[in-house]
file final-v2.txt (compact mmCIF, C-alpha atoms and all ligand atoms)
# COMPACT_ATOMS: atom_id res chain seq x y z
CA MET M 1 -22.24 16.13 6.62
CA ASN M 2 -18.51 16.57 7.03
CA ARG M 3 -16.55 13.34 7.18
CA THR M 4 -13.31 14.95 6.21
CA HIS M 5 -11.64 15.37 9.55
CA PRO M 6 -12.84 13.01 12.22
CA VAL M 7 -9.97 10.79 13.32
CA GLU M 8 -11.74 7.49 13.94
CA ARG M 9 -10.27 4.75 16.00
CA THR M 10 -11.59 1.75 14.15
CA GLY M 11 -8.69 -0.66 13.88
CA ALA M 12 -9.63 -4.28 13.33
CA SER M 13 -8.02 -5.49 16.54
CA GLY M 14 -7.78 -2.18 18.41
CA GLY M 15 -4.64 -1.20 20.31
CA ASP M 16 -2.33 1.70 19.60
CA PRO M 17 -1.87 2.65 15.98
CA ILE M 18 1.22 1.25 14.26
CA VAL M 19 1.50 4.12 11.83
CA VAL M 20 0.57 7.71 12.64
CA ALA M 21 0.74 10.53 10.10
CA ARG M 22 0.03 14.07 11.23
CA GLY M 23 -0.02 17.11 8.95
CA LEU M 24 2.21 15.32 6.47
CA ARG M 25 3.51 17.45 3.62
CA LYS M 26 5.80 16.80 0.68
CA VAL M 27 7.00 19.47 -1.68
CA PHE M 28 9.09 18.63 -4.76
CA PRO M 29 11.00 21.19 -6.80
CA GLY M 30 8.86 21.61 -9.92
CA PRO M 31 9.99 21.52 -13.54
CA VAL M 32 9.69 25.33 -13.56
CA LYS M 33 11.97 27.34 -11.25
CA ASP M 34 10.26 28.71 -8.12
CA ASP M 35 7.12 26.71 -8.88
CA PRO M 36 7.27 23.71 -6.54
CA VAL M 37 4.94 20.71 -6.72
CA ILE M 38 2.96 20.18 -3.51
CA ALA M 39 2.50 16.42 -3.80
CA VAL M 40 1.16 15.85 -0.27
CA ASP M 41 -0.51 18.54 1.78
CA ASP M 42 -1.58 18.23 5.43
CA VAL M 43 -2.30 14.50 5.36
CA SER M 44 -3.19 12.76 8.63
CA PHE M 45 -4.17 9.15 9.26
CA GLU M 46 -3.59 6.19 11.54
CA LEU M 47 -3.07 2.54 10.66
CA TYR M 48 -4.03 0.09 13.41
CA PRO M 49 -2.78 -3.45 14.04
CA ASN M 50 -4.21 -6.01 11.63
CA GLU M 51 -6.11 -3.36 9.73
CA CYS M 52 -6.28 -2.60 6.03
CA LEU M 53 -6.38 1.12 5.30
CA ALA M 54 -6.80 2.10 1.66
CA ILE M 55 -5.50 5.31 0.17
CA VAL M 56 -7.49 6.04 -2.94
CA GLY M 57 -7.41 8.80 -5.49
CA GLU M 58 -6.75 9.45 -9.13
CA SER M 59 -3.31 9.44 -10.70
CA GLY M 60 -1.16 12.25 -9.30
CA SER M 61 -3.20 12.69 -6.10
CA GLY M 62 -0.17 11.92 -3.90
CA LYS M 63 -0.84 8.32 -2.79
CA THR M 64 2.53 6.89 -3.74
CA THR M 65 4.40 9.82 -2.26
CA VAL M 66 2.77 9.13 1.13
CA ALA M 67 3.87 5.49 0.88
CA ARG M 68 7.38 6.38 -0.21
CA MET M 69 7.78 8.68 2.79
CA LEU M 70 6.63 5.84 5.03
CA VAL M 71 9.34 3.49 3.80
CA GLY M 72 12.00 6.20 3.74
CA LEU M 73 12.28 6.46 -0.06
CA GLU M 74 11.29 10.13 0.16
CA THR M 75 12.06 12.66 2.87
CA VAL M 76 9.26 14.39 4.76
CA THR M 77 9.03 18.13 4.08
CA GLU M 78 6.81 18.88 7.07
CA GLY M 79 4.64 17.09 9.61
CA GLU M 80 4.99 13.90 11.63
CA LEU M 81 5.18 10.30 10.50
CA SER M 82 5.84 7.55 12.99
CA VAL M 83 5.88 3.75 13.07
CA ARG M 84 5.32 2.13 16.46
CA GLY M 85 5.96 5.49 18.09
CA GLU M 86 9.30 6.07 16.35
CA SER M 87 9.48 9.10 14.08
CA ARG M 88 10.47 8.58 10.44
CA ALA M 89 10.11 12.25 9.57
CA LYS M 90 13.79 13.11 10.02
CA GLY M 91 15.09 10.28 7.85
CA VAL M 92 17.42 7.48 8.81
CA LYS M 93 21.14 7.80 9.58
CA HIS M 94 22.41 4.31 10.32
CA LEU M 95 22.28 1.14 8.24
CA ALA M 96 20.97 -0.83 11.21
CA ASP M 97 18.02 1.58 11.52
CA ARG M 98 17.36 1.35 7.79
CA ARG M 99 17.23 -2.45 8.07
CA ARG M 100 14.88 -2.25 11.05
CA TRP M 101 12.64 0.19 9.18
CA ALA M 102 12.55 -2.14 6.20
CA ARG M 103 11.72 -5.05 8.47
CA GLU M 104 8.79 -3.16 9.98
CA VAL M 105 7.31 -1.83 6.73
CA GLN M 106 7.62 -3.78 3.49
CA TYR M 107 6.64 -2.49 0.04
CA VAL M 108 4.99 -4.46 -2.76
CA PHE M 109 5.02 -2.59 -6.07
CA GLN M 110 2.59 -2.65 -8.97
CA ASP M 111 5.08 -4.30 -11.28
CA PRO M 112 6.85 -7.12 -9.47
CA TYR M 113 8.86 -7.86 -12.60
CA SER M 114 10.96 -4.75 -12.25
CA SER M 115 11.22 -5.06 -8.46
CA LEU M 116 12.34 -8.73 -8.46
CA ASN M 117 15.92 -9.61 -9.29
CA GLY M 118 15.54 -11.37 -12.64
CA ARG M 119 18.82 -13.25 -12.21
CA GLN M 120 17.79 -14.87 -8.93
CA ARG M 121 15.64 -17.95 -8.68
CA VAL M 122 12.39 -17.58 -6.76
CA GLY M 123 13.65 -19.57 -3.77
CA GLU M 124 16.78 -17.41 -3.58
CA ILE M 125 14.79 -14.17 -3.79
CA VAL M 126 12.77 -15.11 -0.72
CA ALA M 127 15.71 -16.74 1.11
CA THR M 128 17.76 -13.55 0.64
CA SER M 129 15.00 -11.57 2.34
CA VAL M 130 14.78 -14.13 5.17
CA ALA M 131 18.57 -13.99 5.70
CA LEU M 132 18.65 -10.18 5.54
CA HIS M 133 15.94 -9.72 8.11
CA ALA M 134 16.68 -12.63 10.40
CA GLY M 135 20.05 -11.06 11.19
CA ARG M 136 22.71 -13.48 12.42
CA GLY M 137 20.04 -15.97 13.42
CA ALA M 138 19.55 -17.90 10.14
CA THR M 139 22.01 -20.16 8.35
CA ARG M 140 21.77 -20.43 4.57
CA THR M 141 20.04 -23.79 4.84
CA GLU M 142 17.57 -22.46 7.41
CA ALA M 143 16.83 -19.41 5.24
CA ARG M 144 16.14 -21.68 2.24
CA GLY M 145 13.88 -23.89 4.32
CA ARG M 146 11.97 -20.91 5.66
CA ALA M 147 11.70 -19.48 2.12
CA ARG M 148 10.10 -22.74 0.93
CA GLU M 149 7.55 -22.56 3.76
CA ILE M 150 6.69 -18.95 2.94
CA LEU M 151 6.40 -19.68 -0.79
CA ASP M 152 4.14 -22.59 0.01
CA SER M 153 1.97 -20.31 2.16
CA VAL M 154 1.42 -17.97 -0.81
CA GLY M 155 0.45 -20.86 -3.08
CA LEU M 156 3.81 -21.44 -4.77
CA GLY M 157 4.82 -25.04 -4.09
CA GLU M 158 8.10 -26.86 -4.61
CA ARG M 159 8.04 -26.67 -8.43
CA PHE M 160 8.38 -22.86 -8.32
CA VAL M 161 11.46 -22.70 -6.11
CA ASP M 162 14.00 -23.01 -8.95
CA LYS M 163 12.18 -20.87 -11.47
CA PHE M 164 13.24 -17.38 -12.53
CA PRO M 165 10.74 -14.48 -12.41
CA HIS M 166 10.47 -14.34 -16.22
CA GLN M 167 9.18 -17.93 -16.20
CA LEU M 168 6.18 -16.94 -14.09
CA SER M 169 2.84 -15.29 -14.84
CA GLY M 170 2.04 -11.81 -13.49
CA GLY M 171 -0.03 -13.25 -10.64
CA GLN M 172 2.71 -15.72 -9.70
CA ARG M 173 5.31 -12.95 -9.72
CA GLN M 174 3.11 -10.91 -7.42
CA ARG M 175 2.91 -13.93 -5.09
CA VAL M 176 6.73 -13.99 -5.03
CA ALA M 177 6.78 -10.27 -4.18
CA ILE M 178 4.32 -10.89 -1.35
CA ALA M 179 6.40 -13.86 -0.13
CA ARG M 180 9.52 -11.70 -0.15
CA ALA M 181 7.70 -9.08 1.92
CA LEU M 182 6.44 -11.72 4.37
CA ALA M 183 9.99 -13.02 4.78
CA ALA M 184 10.77 -9.88 6.78
CA ASP M 185 7.87 -10.65 9.13
CA PRO M 186 6.73 -7.01 8.83
CA ALA M 187 4.14 -5.16 10.89
CA VAL M 188 2.96 -3.30 7.78
CA ILE M 189 2.91 -4.13 4.08
CA VAL M 190 2.42 -1.26 1.66
CA LEU M 191 0.63 -2.59 -1.42
CA ASP M 192 1.03 0.08 -4.09
CA GLU M 193 -1.39 -0.68 -6.94
CA ALA M 194 -0.34 -4.27 -6.25
CA VAL M 195 -3.14 -5.88 -8.28
CA ALA M 196 -3.62 -3.13 -10.85
CA ALA M 197 -1.71 -4.89 -13.61
CA LEU M 198 -3.51 -8.23 -13.20
CA ASP M 199 -6.59 -9.68 -14.91
CA VAL M 200 -9.74 -9.46 -12.83
CA SER M 201 -9.79 -13.21 -12.00
CA ILE M 202 -6.12 -13.14 -10.93
CA GLN M 203 -6.78 -9.95 -8.95
CA ALA M 204 -9.44 -11.84 -7.00
CA GLN M 205 -6.98 -14.64 -6.20
CA ILE M 206 -4.35 -12.22 -4.93
CA LEU M 207 -6.95 -10.32 -2.86
CA ASN M 208 -8.07 -13.64 -1.33
CA LEU M 209 -4.46 -14.49 -0.57
CA LEU M 210 -3.97 -11.11 1.13
CA ALA M 211 -7.13 -11.67 3.18
CA ASP M 212 -5.92 -15.15 4.21
CA ILE M 213 -2.52 -13.79 5.25
CA ARG M 214 -4.17 -11.16 7.42
CA ALA M 215 -6.41 -13.79 9.01
CA GLU M 216 -3.40 -15.94 9.87
CA ARG M 217 -0.87 -13.42 11.14
CA GLU M 218 -0.89 -9.93 12.56
CA VAL M 219 -0.05 -7.63 9.70
CA SER M 220 -1.54 -4.33 8.56
CA TYR M 221 -1.91 -3.22 4.97
CA LEU M 222 -1.63 0.25 3.54
CA PHE M 223 -3.43 -0.44 0.30
CA ILE M 224 -2.89 2.14 -2.40
CA SER M 225 -5.26 2.01 -5.31
CA HIS M 226 -7.29 4.03 -7.77
CA ASP M 227 -9.73 1.10 -8.10
CA LEU M 228 -12.66 1.32 -5.71
CA ALA M 229 -13.99 -2.14 -6.59
CA VAL M 230 -10.73 -3.62 -5.34
CA VAL M 231 -10.60 -1.30 -2.33
CA ASN M 232 -14.14 -2.33 -1.45
CA GLN M 233 -13.10 -5.97 -1.31
CA ILE M 234 -10.06 -5.64 0.86
CA SER M 235 -10.01 -2.55 3.07
CA ASP M 236 -11.60 -1.74 6.43
CA ARG M 237 -11.20 2.02 6.13
CA MET M 238 -10.15 4.39 3.41
CA ILE M 239 -8.92 7.89 2.92
CA VAL M 240 -9.58 9.67 -0.35
CA MET M 241 -6.89 11.97 -1.73
CA GLU M 242 -7.31 14.71 -4.29
CA GLN M 243 -4.41 16.94 -5.31
CA GLY M 244 -2.35 16.01 -2.28
CA ARG M 245 -5.09 16.51 0.32
CA VAL M 246 -7.39 14.13 2.14
CA VAL M 247 -10.89 15.08 1.03
CA ASP M 248 -12.87 12.16 2.47
CA ARG M 249 -12.36 9.35 4.99
CA GLY M 250 -14.25 6.68 6.83
CA ARG M 251 -15.14 3.01 6.91
CA THR M 252 -14.91 1.68 3.36
CA ALA M 253 -18.29 -0.06 3.29
CA GLU M 254 -20.09 3.05 4.53
CA LEU M 255 -18.21 5.49 2.36
CA LEU M 256 -18.81 3.47 -0.80
CA ALA M 257 -22.42 2.58 -0.03
CA ASP M 258 -23.27 6.22 0.39
CA PRO M 259 -20.51 8.50 -0.86
CA VAL M 260 -21.17 12.04 0.25
CA HIS M 261 -18.13 13.89 -1.02
CA PRO M 262 -18.44 14.77 -4.72
CA TYR M 263 -14.94 13.49 -5.46
CA THR M 264 -15.62 10.10 -3.84
CA ARG M 265 -18.88 9.96 -5.78
CA SER M 266 -17.16 10.69 -9.05
CA LEU M 267 -14.49 8.07 -8.33
CA ARG M 268 -17.17 5.51 -7.60
CA ALA M 269 -19.13 6.40 -10.69
CA ALA M 270 -16.01 5.79 -12.76
CA VAL M 271 -15.72 2.12 -11.69
CA PRO M 272 -16.68 0.01 -14.72
CA ARG M 273 -17.31 -3.30 -12.96
CA PRO M 274 -20.14 -5.75 -12.47
CA GLY M 275 -21.66 -5.28 -9.05
CA TRP M 276 -21.51 -1.50 -9.25
CA LYS M 277 -24.39 0.62 -10.37
CA PRO M 278 -22.57 3.35 -12.23
CA VAL M 279 -24.24 6.72 -12.07
CA ARG M 280 -23.63 9.04 -14.98
CA ARG M 281 -21.33 11.95 -14.20
CA GLU M 282 -23.87 14.54 -15.36
CA ARG M 283 -26.39 13.19 -12.85
CA LEU M 284 -23.73 13.23 -10.16
CA ALA M 285 -22.91 16.83 -10.85
CA VAL M 286 -26.57 17.72 -10.41
CA GLN M 287 -26.81 15.69 -7.20
CA ALA M 288 -23.58 17.17 -5.84
CA THR M 289 -24.82 20.70 -6.22
CA ALA M 290 -28.39 19.92 -5.12
N1 LIG A 301 10.28 12.95 -7.59
C1 LIG A 301 9.34 13.82 -7.95
N2 LIG A 301 9.68 15.04 -8.39
C2 LIG A 301 8.74 15.95 -8.75
N3 LIG A 301 7.41 15.71 -8.68
C3 LIG A 301 7.01 14.51 -8.24
C4 LIG A 301 7.94 13.50 -7.85
N4 LIG A 301 7.25 12.40 -7.44
C5 LIG A 301 5.95 12.71 -7.58
N5 LIG A 301 5.81 13.97 -8.06
C6 LIG A 301 4.54 14.65 -8.30
O1 LIG A 301 3.78 14.59 -7.11
C7 LIG A 301 2.39 14.42 -7.40
C8 LIG A 301 1.87 13.19 -6.70
O2 LIG A 301 2.47 12.04 -7.30
P1 LIG A 301 2.19 10.56 -6.76
O3 LIG A 301 3.00 9.62 -7.59
O4 LIG A 301 2.38 10.51 -5.30
O5 LIG A 301 0.64 10.38 -7.09
P2 LIG A 301 -0.21 9.06 -7.15
O6 LIG A 301 -1.55 9.41 -6.62
O7 LIG A 301 0.50 7.93 -6.51
O8 LIG A 301 -0.34 8.81 -8.72
P3 LIG A 301 0.03 7.50 -9.56
O9 LIG A 301 -1.00 6.50 -9.20
O10 LIG A 301 -0.06 7.98 -10.98
O11 LIG A 301 1.43 7.14 -9.16
C9 LIG A 301 2.29 14.37 -8.92
O12 LIG A 301 1.98 15.67 -9.38
C10 LIG A 301 3.68 13.97 -9.35
O13 LIG A 301 3.96 14.45 -10.65
call {"tool": "encode", "arguments": {"input": "final-v2.txt", "output": "structure tokens"}}
result
Amino acid sequence: MNRTHPVERTGASGGDPIVVARGLRKVFPGPVKDDPVIAVDDVSFELYPNECLAIVGESGSGKTTVARMLVGLETVTEGELSVRGESRAKGVKHLADRRRWAREVQYVFQDPYSSLNGRQRVGEIVATSVALHAGRGATRTEARGRAREILDSVGLGERFVDKFPHQLSGGQRQRVAIARALAADPAVIVLDEAVAALDVSIQAQILNLLADIRAEREVSYLFISHDLAVVNQISDRMIVMEQGRVVDRGRTAELLADPVHPYTRSLRAAVPRPGWKPVRRERLAVQATA
């Protein structure tokens, strides 16, 4: 059974895809001269409105590089990458376009502590994002008011508005990062190992919050993770990357219930969580070659 290449159209609410990647490739100059690193190799996928697509794979498989190309933090070496039909493959020339790109696709990092401005209070962090993305439309007072509403919607009430990031827990900081992303009213949020640094119980709270947000507004997630238990909870579809290439893809529930590709099987077997029935790697190797 080959599930590697079918391009399914299984978005949660249908419609045209928001993000389309076709034959995406990224080559970095390597540490050794004339020995480049092929970080991403012939990667294709679509992300549909209101859908959560997970990109999974072990460390170094190229997940983050795909996401960084999507938000314009890395150039595209080859292939096509578009958001709402507009190509991002050639990079961005004008500041106005960069702002629009940022408005459309927001990025939430694994470690919100380093991505949040430690000298700004929580309310200011979110209000700055509101003001930046609302253009000339929002006064300072309006931006602050909107920031309070958004913070409230991610579970951070009035008492958090004047706190600094270092006064918050990891989960609370991640809520601020999500609020800051929502302030742009994006079509897509890239969540790059966004719950990886959190305790399991806090992870569950953030995953619930992300599910609630998606139920309330139209937003798609590109959810990057090495953790299949987490991916199983949140994503509709997933692609599996190994050494820069997509080696498996499909609906998450189906792929994880019955992983066919040996790499997906080995990833699943490596998940040390309640609820999984880990299969020993030796047995997997036998099954994979049977
Ligand atoms: N700026 C860079 N210069 C050179 N090589 C890079 C650069 N960025 C990433 N790479 C290499 O590209 C490959 C893919 O890295 P990438 O960070 O995309 O993987 P990943 O799956 O997201 O892993 P992780 O979860 O550890 O971040 C790795 O071999 C990495 O060392």
call {"tool": "atom_distance", "arguments": {"input": "final-v2.txt", "atom1": "atom CA of Tyr113 of chain M", "atom2": "atom C2 of ligand LIG 301 (chain A)"}}
result
24.1 Å
call {"tool": "closest_residue", "arguments": {"input": "final-v2.txt", "among": "M:Ala54, M:Gly62, M:Arg84, M:Pro165", "to": "Asn232 of chain M", "atoms": "only C-alpha atoms"}}
result
M:Ala54
call {"tool": "closest_residue", "arguments": {"input": "final-v2.txt", "among": "M:Ser169, M:Gln205, M:Ser225, M:Gln174", "to": "ligand LIG 301 (chain A)", "atoms": "all atoms listed in the file"}}
result
M:Ser225
call {"tool": "closest_residue", "arguments": {"input": "final-v2.txt", "among": "M:Asp42, M:Asp16, M:Asp236, M:Glu158", "to": "Leu222 of chain M", "atoms": "only C-alpha atoms"}}
result
M:Asp236
call {"tool": "residues_near_ligand", "arguments": {"input": "final-v2.txt", "ligand": "ligand LIG 301 (chain A)", "cutoff": "10 Å", "atoms": "all atoms listed in the file", "output": "mmCIF file with C-alpha atoms, keeping the file's coordinate frame"}}
result
data_model
loop_
_atom_site.group_PDB
_atom_site.id
_atom_site.type_symbol
_atom_site.label_atom_id
_atom_site.label_comp_id
_atom_site.auth_asym_id
_atom_site.auth_seq_id
_atom_site.Cartn_x
_atom_site.Cartn_y
_atom_site.Cartn_z
ATOM 1 C CA LYS M 26 5.800 16.800 0.680
ATOM 2 C CA VAL M 27 7.000 19.470 -1.680
ATOM 3 C CA PHE M 28 9.090 18.630 -4.760
ATOM 4 C CA PRO M 29 11.000 21.190 -6.800
ATOM 5 C CA GLY M 30 8.860 21.610 -9.920
ATOM 6 C CA PRO M 31 9.990 21.520 -13.540
ATOM 7 C CA PRO M 36 7.270 23.710 -6.540
ATOM 8 C CA VAL M 37 4.940 20.710 -6.720
ATOM 9 C CA ILE M 38 2.960 20.180 -3.510
ATOM 10 C CA ALA M 39 2.500 16.420 -3.800
ATOM 11 C CA VAL M 40 1.160 15.850 -0.270
ATOM 12 C CA ILE M 55 -5.500 5.310 0.170
ATOM 13 C CA VAL M 56 -7.490 6.040 -2.940
ATOM 14 C CA GLY M 57 -7.410 8.800 -5.490
ATOM 15 C CA GLU M 58 -6.750 9.450 -9.130
ATOM 16 C CA SER M 59 -3.310 9.440 -10.700
ATOM 17 C CA GLY M 60 -1.160 12.250 -9.300
ATOM 18 C CA SER M 61 -3.200 12.690 -6.100
ATOM 19 C CA GLY M 62 -0.170 11.920 -3.900
ATOM 20 C CA LYS M 63 -0.840 8.320 -2.790
ATOM 21 C CA THR M 64 2.530 6.890 -3.740
ATOM 22 C CA THR M 65 4.400 9.820 -2.260
ATOM 23 C CA VAL M 66 2.770 9.130 1.130
ATOM 24 C CA ALA M 67 3.870 5.490 0.880
ATOM 25 C CA ARG M 68 7.380 6.380 -0.210
ATOM 26 C CA MET M 69 7.780 8.680 2.790
ATOM 27 C CA GLU M 74 11.290 10.130 0.160
ATOM 28 C CA GLN M 110 2.590 -2.650 -8.970
ATOM 29 C CA ASP M 192 1.030 0.080 -4.090
ATOM 30 C CA GLU M 193 -1.390 -0.680 -6.940
ATOM 31 C CA ILE M 224 -2.890 2.140 -2.400
ATOM 32 C CA SER M 225 -5.260 2.010 -5.310
ATOM 33 C CA HIS M 226 -7.290 4.030 -7.770
ATOM 34 C CA MET M 241 -6.890 11.970 -1.730
ATOM 35 C CA GLU M 242 -7.310 14.710 -4.290
ATOM 36 C CA GLN M 243 -4.410 16.940 -5.310
ATOM 37 C CA GLY M 244 -2.350 16.010 -2.280
#
call {"tool": "closest_residue", "arguments": {"input": "final-v2.txt", "among": "M:Ile206, M:Val108, M:Val71, M:Ala196", "to": "Gly155 of chain M", "atoms": "all atoms listed in the file"}}
result
M:Ile206
call {"tool": "closest_residue", "arguments": {"input": "final-v2.txt", "among": "M:Arg25, M:Arg99, M:Arg175, M:Arg237", "to": "Leu207 of chain M", "atoms": "all atoms listed in the file"}}
result
M:Arg175
call {"tool": "residues_around", "arguments": {"input": "final-v2.txt", "residues": "Tyr107 of chain M", "least_positions_apart": "2", "cutoff": "8 Å", "atoms": "only C-alpha atoms", "output": "PyMOL selection string"}}
result
chain M and resi 71+105+109+181+189-192
call {"tool": "atom_distance", "arguments": {"input": "final-v2.txt", "atom1": "atom CA of Leu132 of chain M", "atom2": "atom CA of Ser87 of chain M"}}
result
23.0 Å
